[in-house]
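File shown: input_24.cif (mmCIF, C-alpha atoms and all ligand atoms).
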```
data_input
#
loop_
_atom_site.label_atom_id
_atom_site.label_comp_id
_atom_site.auth_asym_id
_atom_site.auth_seq_id
_atom_site.Cartn_x
_atom_site.Cartn_y
_atom_site.Cartn_z
CA MET A 1 32.74 -60.06 7.35
CA ALA A 2 35.02 -57.52 5.78
CA ARG A 3 38.25 -56.01 6.94
CA CYS A 4 38.54 -52.39 6.08
CA GLY A 5 41.72 -51.03 4.54
CA GLY A 6 43.93 -53.28 6.64
CA GLN A 7 42.66 -51.67 9.86
CA GLN A 8 41.40 -53.63 12.83
CA ASP A 9 37.70 -52.81 12.45
CA ILE A 10 35.87 -55.93 11.51
CA LEU A 11 32.25 -55.22 10.81
CA ASN A 12 29.31 -57.21 9.78
CA ILE A 13 28.52 -55.61 6.46
CA SER A 14 25.01 -56.92 6.28
CA SER A 15 23.64 -54.01 8.28
CA TYR A 16 23.35 -50.48 6.96
CA GLU A 17 24.54 -48.88 10.17
CA ASN A 18 27.68 -50.92 9.94
CA ALA A 19 28.08 -50.00 6.31
CA GLU A 20 28.13 -46.38 7.35
CA LYS A 21 30.52 -47.01 10.25
CA MET A 22 32.72 -49.04 8.03
CA SER A 23 32.96 -46.42 5.35
CA ARG A 24 33.73 -43.88 8.07
CA SER A 25 36.50 -46.02 9.44
CA CYS A 26 37.84 -46.19 5.90
CA ARG A 27 37.52 -42.39 5.73
CA LEU A 28 35.18 -42.50 2.79
CA PRO A 29 33.37 -39.17 2.31
CA LEU A 30 30.00 -40.40 3.58
CA LYS A 31 27.50 -38.05 4.72
CA SER A 32 -18.39 -24.82 21.69
CA GLY A 33 -19.09 -27.73 21.89
CA ARG A 34 -20.16 -24.61 23.83
CA ARG A 35 -23.35 -25.06 25.78
CA ASP A 36 -25.62 -23.19 23.39
CA LEU A 37 -26.14 -19.55 24.05
CA SER A 38 -29.37 -19.40 25.89
CA LEU A 39 -30.49 -16.48 23.77
CA THR A 40 -29.19 -14.84 20.66
CA LEU A 41 -26.99 -11.97 21.57
CA GLN A 42 -27.50 -9.08 19.28
CA PHE A 43 -24.87 -6.40 19.29
CA HIS A 44 -25.68 -2.84 18.34
CA PRO A 45 -23.56 -1.61 15.44
CA ASN A 46 -20.92 -0.41 17.83
CA PHE A 47 -21.08 -3.63 19.83
CA SER A 48 -21.56 -1.67 22.98
CA ILE A 49 -24.72 -3.31 24.18
CA LEU A 50 -24.66 -6.90 25.11
CA HIS A 51 -27.72 -8.75 26.26
CA GLY A 52 -28.07 -12.19 27.66
CA MET A 53 -26.39 -14.88 29.61
CA ILE A 54 -23.67 -16.91 28.09
CA GLU A 55 -22.86 -20.45 28.99
CA ALA A 56 -19.64 -21.68 27.55
CA PRO A 57 -17.60 -24.81 26.89
CA HIS A 58 -13.90 -25.19 27.26
CA GLU A 59 -11.68 -23.90 24.44
CA SER A 60 -8.15 -22.73 24.95
CA TYR A 61 -7.44 -21.07 21.62
CA ALA A 62 -6.05 -17.56 21.57
CA ILE A 63 -8.03 -14.97 19.63
CA LEU A 64 -6.81 -11.48 18.83
CA ILE A 65 -9.42 -8.75 18.32
CA ILE A 66 -8.28 -5.68 16.41
CA ASP A 67 -10.78 -2.81 16.28
CA ASP A 68 -10.22 0.90 16.81
CA GLU A 69 -13.48 1.12 18.82
CA ALA A 70 -12.48 0.00 22.31
CA ALA A 71 -16.12 -0.69 23.17
CA ASN A 72 -16.39 -3.16 20.28
CA VAL A 73 -13.24 -4.90 21.39
CA ASP A 74 -14.58 -5.16 24.93
CA ALA A 75 -17.93 -6.57 23.86
CA LEU A 76 -16.31 -9.21 21.66
CA ALA A 77 -13.80 -10.00 24.37
CA ILE A 78 -16.60 -10.66 26.86
CA LEU A 79 -18.40 -12.93 24.43
CA LEU A 80 -15.29 -14.91 23.49
CA GLY A 81 -14.09 -14.95 27.08
CA HIS A 82 -17.34 -16.61 28.06
CA GLU A 83 -16.55 -19.26 25.48
CA ASP A 84 -13.25 -19.87 27.27
CA TYR A 85 -11.10 -18.50 24.47
CA ARG A 86 -8.03 -16.58 25.56
CA VAL A 87 -8.59 -13.09 24.24
CA PHE A 88 -5.99 -10.50 23.22
CA ARG A 89 -7.09 -6.96 22.38
CA ALA A 90 -5.69 -4.27 20.12
CA THR A 91 -7.18 -0.94 19.06
CA SER A 92 -5.00 -0.43 15.99
CA GLY A 93 -3.45 -2.50 13.23
CA GLU A 94 0.03 -1.58 14.47
CA GLU A 95 -0.74 -2.73 18.01
CA GLY A 96 -2.26 -5.95 16.66
CA LEU A 97 0.83 -6.74 14.58
CA GLY A 98 2.98 -6.20 17.68
CA ILE A 99 0.89 -8.73 19.63
CA LEU A 100 1.08 -11.22 16.75
CA GLU A 101 4.86 -11.00 16.82
CA LYS A 102 5.04 -11.83 20.52
CA GLU A 103 2.12 -14.18 21.16
CA LYS A 104 0.92 -17.43 19.70
CA ILE A 105 -2.47 -16.47 18.27
CA ASP A 106 -4.88 -18.92 16.65
CA LEU A 107 -7.33 -16.53 15.01
CA VAL A 108 -7.74 -12.80 14.36
CA LEU A 109 -10.96 -10.79 14.27
CA LEU A 110 -10.07 -7.70 12.27
CA ASP A 111 -12.01 -4.50 11.74
CA ILE A 112 -11.54 -2.95 8.28
CA LEU A 113 -12.09 0.77 8.76
CA MET A 114 -9.44 1.98 11.17
CA PRO A 115 -7.19 5.04 11.25
CA GLY A 116 -3.51 4.29 10.51
CA LEU A 117 -3.20 0.77 9.19
CA ASP A 118 -6.63 -0.25 8.01
CA GLY A 119 -7.84 -3.86 7.99
CA PHE A 120 -6.64 -4.53 4.43
CA GLU A 121 -3.13 -3.22 5.10
CA THR A 122 -2.96 -5.07 8.43
CA LEU A 123 -4.03 -8.28 6.71
CA SER A 124 -1.41 -7.93 3.96
CA ARG A 125 1.26 -7.52 6.63
CA ILE A 126 -0.06 -10.57 8.47
CA ARG A 127 0.18 -12.58 5.26
CA VAL A 128 3.83 -11.69 4.54
CA HIS A 129 5.19 -12.94 7.85
CA LYS A 130 6.24 -16.57 8.02
CA LYS A 131 4.75 -16.96 11.51
CA THR A 132 1.33 -15.60 10.58
CA LYS A 133 0.98 -16.23 6.84
CA ASP A 134 -1.57 -19.03 7.36
CA LEU A 135 -3.31 -17.54 10.39
CA PRO A 136 -7.12 -17.50 10.02
CA VAL A 137 -8.50 -13.97 9.85
CA ILE A 138 -12.14 -12.87 9.96
CA PHE A 139 -13.00 -9.37 8.76
CA LEU A 140 -15.64 -7.52 10.74
CA THR A 141 -17.23 -4.80 8.70
CA GLY A 142 -20.21 -2.53 8.75
CA PHE A 143 -19.43 -0.56 5.61
CA MET A 144 -17.07 -2.34 3.24
CA ARG A 145 -19.69 -4.88 2.21
CA ASP A 146 -19.77 -4.25 -1.54
CA ALA A 147 -18.61 -7.04 -3.84
CA LEU A 148 -15.43 -5.22 -4.85
CA SER A 149 -14.23 -4.68 -1.28
CA MET A 150 -15.07 -8.24 -0.42
CA GLU A 151 -13.16 -9.54 -3.43
CA HIS A 152 -10.20 -7.38 -2.38
CA GLY A 153 -10.30 -8.98 1.07
CA PHE A 154 -10.47 -12.50 -0.30
CA ASN A 155 -7.59 -11.75 -2.68
CA LEU A 156 -5.53 -10.67 0.31
CA GLY A 157 -6.35 -13.97 2.00
CA VAL A 158 -9.13 -13.24 4.49
CA ASN A 159 -10.96 -16.40 5.55
CA GLU A 160 -14.40 -14.98 6.36
CA TYR A 161 -16.42 -11.80 6.49
CA LEU A 162 -18.83 -11.01 9.30
CA LEU A 163 -21.14 -8.10 8.83
CA LYS A 164 -21.92 -5.64 11.61
CA PRO A 165 -24.13 -5.67 13.55
CA ILE A 166 -22.57 -8.94 14.52
CA ASP A 167 -24.85 -11.81 15.38
CA SER A 168 -23.09 -13.41 18.32
CA ASN A 169 -24.31 -16.91 17.46
CA GLU A 170 -22.98 -16.59 13.95
CA LEU A 171 -19.68 -15.23 15.22
CA ILE A 172 -19.15 -18.14 17.58
CA VAL A 173 -20.17 -20.70 14.95
CA ARG A 174 -17.75 -19.19 12.40
CA VAL A 175 -14.91 -18.95 14.89
CA LYS A 176 -15.39 -22.57 15.88
CA SER A 177 -15.62 -23.89 12.37
CA ILE A 178 -12.53 -21.99 11.21
CA LEU A 179 -10.54 -23.19 14.22
CA ARG A 180 -11.71 -26.77 13.63
CA MET A 181 -10.64 -26.60 10.00
CA THR A 182 -7.28 -25.13 10.88
CA VAL A 183 -6.62 -27.85 13.42
CA ALA A 184 -7.56 -30.53 10.87
CA GLU A 185 -5.32 -28.97 8.21
CA LYS A 186 -2.42 -28.74 10.65
CA LYS A 187 -2.90 -32.39 11.55
CA VAL A 188 -2.81 -33.47 7.91
CA MET A 189 0.29 -31.34 7.33
CA GLN A 190 1.96 -32.86 10.38
CA LEU A 191 1.13 -36.38 9.21
CA GLN A 192 2.47 -35.62 5.76
CA SER A 193 5.64 -34.19 7.15
CA ASP A 194 6.08 -37.26 9.43
CA PHE A 195 5.48 -39.46 6.42
CA PHE A 196 8.11 -37.71 4.33
CA SER A 197 10.64 -37.77 7.18
CA MET A 198 10.14 -41.50 7.54
CA LEU A 199 10.29 -41.98 3.81
CA VAL A 200 13.56 -40.11 3.55
CA HIS A 201 14.90 -42.04 6.51
CA ASP A 202 13.88 -45.36 4.99
CA LEU A 203 15.41 -44.51 1.62
CA ARG A 204 18.59 -43.10 3.11
CA GLY A 205 19.54 -46.32 4.92
CA PRO A 206 19.79 -48.53 1.84
CA LEU A 207 21.26 -45.70 -0.23
CA THR A 208 23.99 -45.15 2.35
CA ALA A 209 24.91 -48.82 2.13
CA ILE A 210 24.98 -48.77 -1.67
CA ARG A 211 27.18 -45.69 -1.71
CA ALA A 212 29.52 -46.96 0.98
CA PHE A 213 30.06 -50.33 -0.65
CA THR A 214 30.45 -49.07 -4.19
CA GLN A 215 33.07 -46.56 -2.99
CA LEU A 216 34.78 -49.21 -0.94
CA MET A 217 34.87 -51.64 -3.84
CA ALA A 218 36.24 -48.95 -6.14
CA GLU A 219 38.99 -47.83 -3.74
CA GLU A 220 39.97 -50.98 -1.89
CA LYS A 221 42.12 -53.17 -4.12
CA ASN A 222 42.68 -56.05 -1.72
CA LEU A 223 39.14 -57.21 -1.11
CA SER A 224 38.71 -60.96 -1.05
CA GLU A 225 36.19 -62.63 -3.35
CA GLN A 226 34.03 -63.37 -0.30
CA ASP A 227 34.07 -59.72 0.78
CA LYS A 228 33.09 -58.68 -2.71
CA SER A 229 30.21 -61.10 -2.97
CA GLU A 230 28.91 -60.10 0.49
CA MET A 231 29.04 -56.46 -0.51
CA LEU A 232 27.29 -57.12 -3.80
CA ALA A 233 24.58 -59.07 -1.99
CA THR A 234 24.04 -56.15 0.39
CA ILE A 235 23.91 -53.71 -2.52
CA GLU A 236 21.34 -55.90 -4.24
CA LYS A 237 19.21 -56.22 -1.11
CA ALA A 238 19.37 -52.47 -0.49
CA SER A 239 18.36 -51.66 -4.08
CA GLU A 240 15.45 -54.12 -3.90
CA GLN A 241 14.26 -52.52 -0.70
CA MET A 242 14.35 -49.05 -2.23
CA LEU A 243 12.54 -50.28 -5.31
CA ASP A 244 9.83 -51.95 -3.19
CA LEU A 245 9.27 -48.74 -1.27
CA ILE A 246 9.12 -46.62 -4.42
CA ASN A 247 6.74 -49.08 -6.11
CA ASP A 248 4.45 -49.10 -3.07
CA ILE A 249 4.36 -45.31 -2.96
CA LEU A 250 3.54 -45.15 -6.66
CA ASP A 251 0.85 -47.81 -6.21
CA LEU A 252 -0.67 -45.93 -3.34
CA SER A 253 -0.70 -42.56 -5.07
CA LYS A 254 -2.25 -44.15 -8.18
CA LEU A 255 -4.92 -45.81 -6.03
CA GLU A 256 -5.65 -42.56 -4.26
CA SER A 257 -5.95 -40.55 -7.44
CA GLU A 258 -9.29 -40.28 -9.16
CA TYR A 259 -7.90 -42.17 -12.09
CA VAL A 260 -7.80 -45.60 -10.51
CA THR A 261 -9.47 -47.99 -12.90
CA LEU A 262 -10.58 -51.41 -11.80
CA THR A 263 -10.99 -54.12 -14.39
CA LYS A 264 -13.91 -55.84 -12.70
CA ARG A 265 -15.20 -59.18 -13.88
CA PRO A 266 -16.57 -62.29 -12.12
CA ILE A 267 -13.64 -64.04 -10.42
CA ASP A 268 -13.34 -67.40 -8.76
CA LEU A 269 -12.21 -66.18 -5.36
CA LEU A 270 -11.53 -69.64 -3.94
CA GLY A 271 -9.33 -70.48 -6.93
CA LEU A 272 -7.50 -67.19 -6.45
CA ILE A 273 -6.85 -67.95 -2.78
CA ASP A 274 -5.65 -71.51 -3.63
CA HIS A 275 -3.22 -69.97 -6.10
CA ALA A 276 -1.94 -67.37 -3.60
CA LEU A 277 -1.45 -70.06 -0.93
CA ALA A 278 0.38 -72.33 -3.38
CA GLN A 279 2.76 -69.53 -4.32
CA MET A 280 3.59 -68.78 -0.69
CA LYS A 281 4.01 -72.43 0.21
CA PRO A 282 7.82 -72.61 -0.27
CA LEU A 283 8.32 -69.64 2.05
CA ALA A 284 5.90 -71.13 4.57
CA ILE A 285 7.78 -74.44 4.54
CA LYS A 286 11.04 -72.57 5.09
CA LYS A 287 9.55 -70.89 8.19
CA SER A 288 7.73 -74.08 9.27
CA ILE A 289 4.41 -72.27 9.03
CA THR A 290 1.32 -74.28 8.21
CA PHE A 291 -1.43 -73.04 5.99
CA SER A 292 -5.00 -74.23 6.20
CA LYS A 293 -8.23 -73.09 4.63
CA LYS A 294 -11.90 -73.21 5.54
CA TYR A 295 -14.16 -72.59 2.60
CA VAL A 296 -17.65 -72.47 4.10
CA ASP A 297 -19.37 -72.28 0.69
CA ASP A 298 -18.39 -74.38 -2.31
CA GLU A 299 -18.57 -71.54 -4.72
CA VAL A 300 -17.83 -67.92 -4.20
CA SER A 301 -18.05 -65.55 -7.08
CA VAL A 302 -17.55 -61.82 -6.91
CA ASP A 303 -17.06 -59.09 -9.44
CA ALA A 304 -13.57 -57.84 -8.83
CA ASP A 305 -10.24 -56.85 -10.30
CA LYS A 306 -8.34 -60.13 -10.13
CA ALA A 307 -4.82 -58.67 -10.06
CA LYS A 308 -5.71 -56.20 -7.31
CA ILE A 309 -7.42 -58.79 -5.09
CA GLU A 310 -4.37 -61.01 -5.60
CA GLN A 311 -2.23 -58.12 -4.34
CA VAL A 312 -4.39 -57.86 -1.19
CA LEU A 313 -4.20 -61.61 -0.53
CA ASP A 314 -0.43 -61.65 -1.08
CA ASN A 315 0.04 -58.78 1.31
CA LEU A 316 -2.12 -60.28 4.06
CA LEU A 317 -0.54 -63.72 3.74
CA MET A 318 2.97 -62.27 3.61
CA ASN A 319 2.27 -60.19 6.73
CA GLY A 320 0.86 -63.26 8.45
CA MET A 321 4.14 -65.04 7.79
CA LYS A 322 6.36 -62.07 8.65
CA PHE A 323 4.75 -61.50 12.00
CA THR A 324 4.36 -65.13 13.00
CA GLY A 325 7.21 -67.14 14.47
CA GLU A 326 8.42 -70.59 13.47
CA ARG A 327 5.74 -73.27 13.53
CA GLY A 328 3.02 -70.69 13.25
CA GLU A 329 -0.37 -71.24 11.70
CA ILE A 330 -2.24 -69.26 9.12
CA VAL A 331 -5.88 -70.03 8.41
CA VAL A 332 -7.82 -68.52 5.53
CA THR A 333 -11.60 -68.59 5.89
CA VAL A 334 -14.05 -67.58 3.17
CA ARG A 335 -17.81 -67.38 3.35
CA ASN A 336 -20.86 -65.69 1.96
CA ALA A 337 -22.54 -63.44 4.49
CA SER A 338 -25.98 -61.86 4.37
CA GLN A 339 -26.33 -58.25 5.42
CA ASN A 340 -27.85 -59.34 8.76
CA ASP A 341 -24.87 -61.51 9.55
CA THR A 342 -23.25 -60.45 12.83
CA ILE A 343 -19.82 -60.26 11.29
CA LEU A 344 -20.95 -57.72 8.72
CA LYS A 345 -23.13 -55.82 11.17
CA THR A 346 -20.24 -55.48 13.63
CA ALA A 347 -18.01 -54.23 10.83
CA GLY A 348 -20.67 -51.75 9.70
CA VAL A 349 -21.16 -53.37 6.28
CA ASP A 350 -24.77 -53.15 5.15
CA ARG A 351 -24.84 -55.28 2.01
CA PRO A 352 -24.50 -59.00 1.30
CA SER A 353 -20.82 -59.73 0.92
CA VAL A 354 -18.17 -62.37 0.68
CA VAL A 355 -15.96 -62.23 3.76
CA VAL A 356 -12.36 -63.39 3.68
CA CYS A 357 -10.36 -63.76 6.89
CA VAL A 358 -6.60 -64.32 7.12
CA LYS A 359 -5.88 -65.40 10.69
CA ASP A 360 -2.47 -65.97 12.22
CA ASN A 361 -1.20 -66.85 15.67
CA GLY A 362 1.70 -64.43 15.54
CA ILE A 363 2.84 -61.43 17.56
CA GLY A 364 -0.49 -59.58 17.31
CA ILE A 365 -0.98 -55.83 17.31
CA SER A 366 -1.19 -53.56 20.33
CA PRO A 367 -4.60 -51.93 20.93
CA LYS A 368 -3.09 -48.48 20.51
CA GLU A 369 -1.71 -49.33 17.05
CA ILE A 370 -4.90 -50.92 15.74
CA PRO A 371 -6.80 -47.70 14.89
CA PHE A 372 -3.91 -46.56 12.68
CA ILE A 373 -2.87 -49.82 11.11
CA PHE A 374 -4.44 -49.03 7.70
CA ASP A 375 -3.48 -45.39 7.87
CA LYS A 376 -0.95 -44.54 5.22
CA TYR A 377 0.82 -41.83 7.15
CA ARG A 378 0.86 -43.43 10.55
CA GLN A 379 1.39 -47.05 10.01
CA ILE A 380 4.89 -47.11 8.69
CA VAL A 381 6.77 -49.07 11.26
CA THR A 382 10.29 -47.93 10.67
CA SER A 383 11.80 -50.68 12.78
CA ALA A 384 10.13 -53.31 10.62
CA VAL A 385 11.27 -51.52 7.49
CA ALA A 386 14.80 -51.18 8.80
CA ALA A 387 14.85 -54.85 9.59
CA GLY A 388 14.08 -55.46 5.94
CA LYS A 389 10.56 -56.59 6.71
CA GLY A 390 8.62 -54.39 4.33
CA THR A 391 7.72 -50.94 3.26
CA GLY A 392 4.98 -50.25 5.79
CA LEU A 393 2.56 -49.25 3.05
CA GLY A 394 1.02 -52.62 2.22
CA LEU A 395 -2.08 -52.31 4.40
CA ALA A 396 -2.82 -48.79 3.17
CA ILE A 397 -2.71 -50.17 -0.36
CA CYS A 398 -5.03 -53.06 0.63
CA LYS A 399 -7.50 -50.61 2.17
CA ASN A 400 -7.58 -48.53 -1.00
CA ILE A 401 -8.09 -51.58 -3.19
CA ILE A 402 -10.88 -53.05 -1.06
CA GLU A 403 -12.67 -49.72 -0.69
CA ALA A 404 -12.42 -49.11 -4.44
CA HIS A 405 -14.41 -52.37 -4.77
CA GLY A 406 -17.07 -51.08 -2.37
CA GLY A 407 -15.82 -53.42 0.36
CA LYS A 408 -14.30 -52.97 3.78
CA ILE A 409 -11.11 -54.18 5.48
CA TRP A 410 -10.65 -54.48 9.25
CA VAL A 411 -8.60 -56.29 11.85
CA GLU A 412 -9.12 -58.03 15.17
CA SER A 413 -5.98 -58.70 17.11
CA ARG A 414 -4.56 -59.49 20.52
CA GLU A 415 -0.96 -58.88 21.39
CA HIS A 416 1.09 -62.10 21.57
CA ALA A 417 -1.96 -64.10 20.49
CA GLY A 418 -2.36 -63.30 16.81
CA SER A 419 -4.31 -61.25 14.30
CA SER A 420 -7.30 -61.80 12.03
CA PHE A 421 -7.44 -59.54 8.99
CA TYR A 422 -10.89 -59.49 7.35
CA PHE A 423 -12.06 -58.03 4.11
CA SER A 424 -15.48 -57.99 2.52
CA LEU A 425 -16.42 -57.71 -1.15
CA PRO A 426 -20.01 -57.01 -2.18
CA SER A 427 -21.59 -60.17 -3.57
CA GLU A 428 -24.65 -58.60 -5.21
P1 LIG B 1 4.81 -53.85 6.14
O1 LIG B 1 4.37 -55.22 6.49
O2 LIG B 1 5.42 -53.75 4.81
O3 LIG B 1 5.58 -53.17 7.23
P2 LIG B 1 2.00 -53.23 6.15
O4 LIG B 1 1.28 -51.97 5.79
O5 LIG B 1 1.60 -54.44 5.41
O6 LIG B 1 3.52 -52.93 5.97
O7 LIG B 1 1.86 -53.45 7.70
C1 LIG B 1 2.07 -52.34 8.56
C2 LIG B 1 2.41 -52.79 9.93
O8 LIG B 1 1.28 -53.47 10.51
C3 LIG B 1 3.51 -53.83 9.99
O9 LIG B 1 4.79 -53.25 9.93
C4 LIG B 1 3.23 -54.49 11.34
O10 LIG B 1 3.71 -53.70 12.39
C5 LIG B 1 1.70 -54.49 11.40
N1 LIG B 1 1.14 -55.77 10.92
C6 LIG B 1 0.61 -56.03 9.70
N2 LIG B 1 0.16 -57.29 9.61
C7 LIG B 1 0.41 -57.85 10.82
C8 LIG B 1 0.18 -59.16 11.39
N3 LIG B 1 -0.41 -60.13 10.68
N4 LIG B 1 0.57 -59.36 12.66
C9 LIG B 1 1.14 -58.38 13.38
N5 LIG B 1 1.39 -57.14 12.92
C10 LIG B 1 1.03 -56.87 11.66
#
```
Give the structure from this file in structure tokens form.
Ligand code: ADP
Amino acid sequence: MARCGGQQDILNISSYENAEKMSRSCRLPLKSGRRDLSLTLQFHPNFSILHGMIEAPHESYAILIIDDEAANVDALAILLGHEDYRVFRATSGEEGLGILEKEKIDLVLLDILMPGLDGFETLSRIRVHKKTKDLPVIFLTGFMRDALSMEHGFNLGVNEYLLKPIDSNELIVRVKSILRMTVAEKKVMQLQSDFFSMLVHDLRGPLTAIRAFTQLMAEEKNLSEQDKSEMLATIEKASEQMLDLINDILDLSKLESEYVTLTKRPIDLLGLIDHALAQMKPLAIKKSITFSKKYVDDEVSVDADKAKIEQVLDNLLMNGMKFTGERGEIVVTVRNASQNDTILKTAGVDRPSVVVCVKDNGIGISPKEIPFIFDKYRQIVTSAVAAGKGTGLGLAICKNIIEAHGGKIWVESREHAGSSFYFSLPSE
């Protein structure tokens, strides 16, 4: 406990939130699947004739058609409307830009030859606005189909060209594939942004504590020896936590790069597991957790990078201990499995492998978390990190290591009953 500047606030300085509060109280300056078209719809060059019946799936994306020929716009609108897209129409570039300002549009079909703003000029204006700079745009053209014009369009940032007369099947396929790609890209961007927000959050906590305590120690002359040593211990813990997180991120980005090099040689996997268990033993004794092992085969040899497999074992065992209460049990099982073995078949592994299982009887994992548990962007559990339990990147690192060996990692778990983490390494 520390008393701040002679005031009454007595705070437990072992938590970062309190470190921040404390420094504040001391006034420190802290701060289609669509049902296939039953027949190919062939538009005449001016799109005015539309043949055929359209059966459509559900899509709720908004598509803006910009073409100075109203008949073309209408024909496209009918086709896309049948596909359940929400369609907006414009017969000039200017009108189209006005709609883009007001509405949330997912894709633009843009004619090139138009009076006033032509397609190229309209596209360059679309690309300069923050709201629309990444919007997918497909050029529709009957004339500007020479290489130079096409290159000009691509330089301006058009995503696709469709040549008139438009084949309706092709149009729908292109629209769908572009929308699918955009959705996937947005999802990745969202995950990355979530990841960075969490990262910043997880680095800011310890950093806040370090800053608060160093300022406090520099300004407060009457701190007792006990206060000082508590503060130093918190500073040390906070720096370690930041270092762990940074090291994990570096590890992960190295593993994900093409330059990851494994030093593979035959390793004695059972010996490696014995060693990992022996190293964890003191911690296990402290938490009254018992370790046991079941080695089904006397000898298990795989070609692997010893240091990296050690890292996987350490992480799985450490997690087993972190998420298992006092008097818990951790069992490590190892066995050779043929490719017809149910365990490998269920996991989708189609080659003879050694299978290692680290089983605990801890808190387990909820079914909705399981699909994302190895996912580097999703699985960071900030509460666990905040509680000083880890960086939340360990399993993503394990997955990368095991997959780099041609193996697979998976989990079976029941909430409040425990988890079994498995990994396989090819044995032939
Ligand atoms: P960390 O353990 O550093 O948070 P990991 O990537 O190793 O990061 O684990 C991610 C999350 O998966 C953990 O925070 C925890 O919520 C869950 N988890 C991992 N192993 C277990 C386990 N054996 N039992 C229950 N939950 C687990």
| Which neighbours of Ala90 (chain A) fall inside 8 Å, counting all atoms listed in the file, when residues of the same chain fewer than 2 positions from it are skipped, and could you give them as a list in words? | Leu64, Ile65, Ile66, Asp67, Asp68, Val73, Phe88, Ser92, Gly93, Glu95, Gly96 and Ile99 of chain A
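Using only C-alpha atoms, the smallest distance between any of A:Asn222, A:Arg180, A:Thr91, A:Lys308 and Lys264 (chain A) comes from A:Lys308.
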| request: Counting only C-alpha atoms, find the residues whose atoms lie at most 12 Å from (-9.3, -59.6, 9.3) (file coordinates) and write them out as a PyMOL selection string. | output: chain A and resi 312-313+316-317+319-320+330-334+343-344+347+355-360+364+370+373-374+395+398-399+408-413+418-424
| message | Please determine, counting only C-alpha atoms and all ligand atoms, which residue among A:Ile309, A:Ile178, A:Leu425, A:Leu252 has the shortest atom-to-atom distance to ligand LIG 1 (chain B). | response | A:Leu252
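Considering the residues A:Leu393, A:Leu179, A:Leu117, A:Ala307 and counting only C-alpha atoms and all ligand atoms, ligand LIG 1 (chain B) has its shortest atom-to-atom contact with A:Leu393.
Coordinates place CA of Asp314 (chain A) at a distance of 22.1 Å from CA of Arg414 (chain A).
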| message | Taking 4 positions as the minimum chain separation for residues in the same chain, which residues sit within 8 Å of Pro426 (chain A) when counting all atoms listed in the file? Answer as a ChimeraX atom specification. | response | /A:302,351-354,405-407
| request: For each of A:Glu415, A:Asp297, A:Glu160, A:Asp268, take the minimum atom-to-atom distance to Phe323 (chain A), counting all atoms listed in the file, then give the residue where this is smallest. | output: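 Smallest distance to Phe323 (chain A) is found for A:Glu415.
The gap separating CA of Asp251 (chain A) from CA of Ala396 (chain A) is 10.1 Å, in Å to one decimal.
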| task | Go ahead and compute the interatomic distance for CA of Gln226 (chain A) and CA of Leu245 (chain A), in Å to one decimal. | result |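 Distance reported for this atom pair: 28.8 Å.
For the set A:Phe120, A:Ile285, A:Ile172, A:Asp202, the residue with the smallest atom-to-atom gap to Met150 (chain A) is A:Phe120, counting all atoms listed in the file.
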| Glu329 (chain A) surroundings by only C-alpha atoms, 6 Å radius, close-in-sequence under 2 positions cut, as number ranges by chain | A: 289-290, 360-361
| query | Between A:Asp274, A:Glu101, A:Glu185, A:Glu240, which has the minimum distance to Ile210 (chain A) (counting all atoms listed in the file)? | reply |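 So, comparing all the options, the nearest one is A:Glu240.
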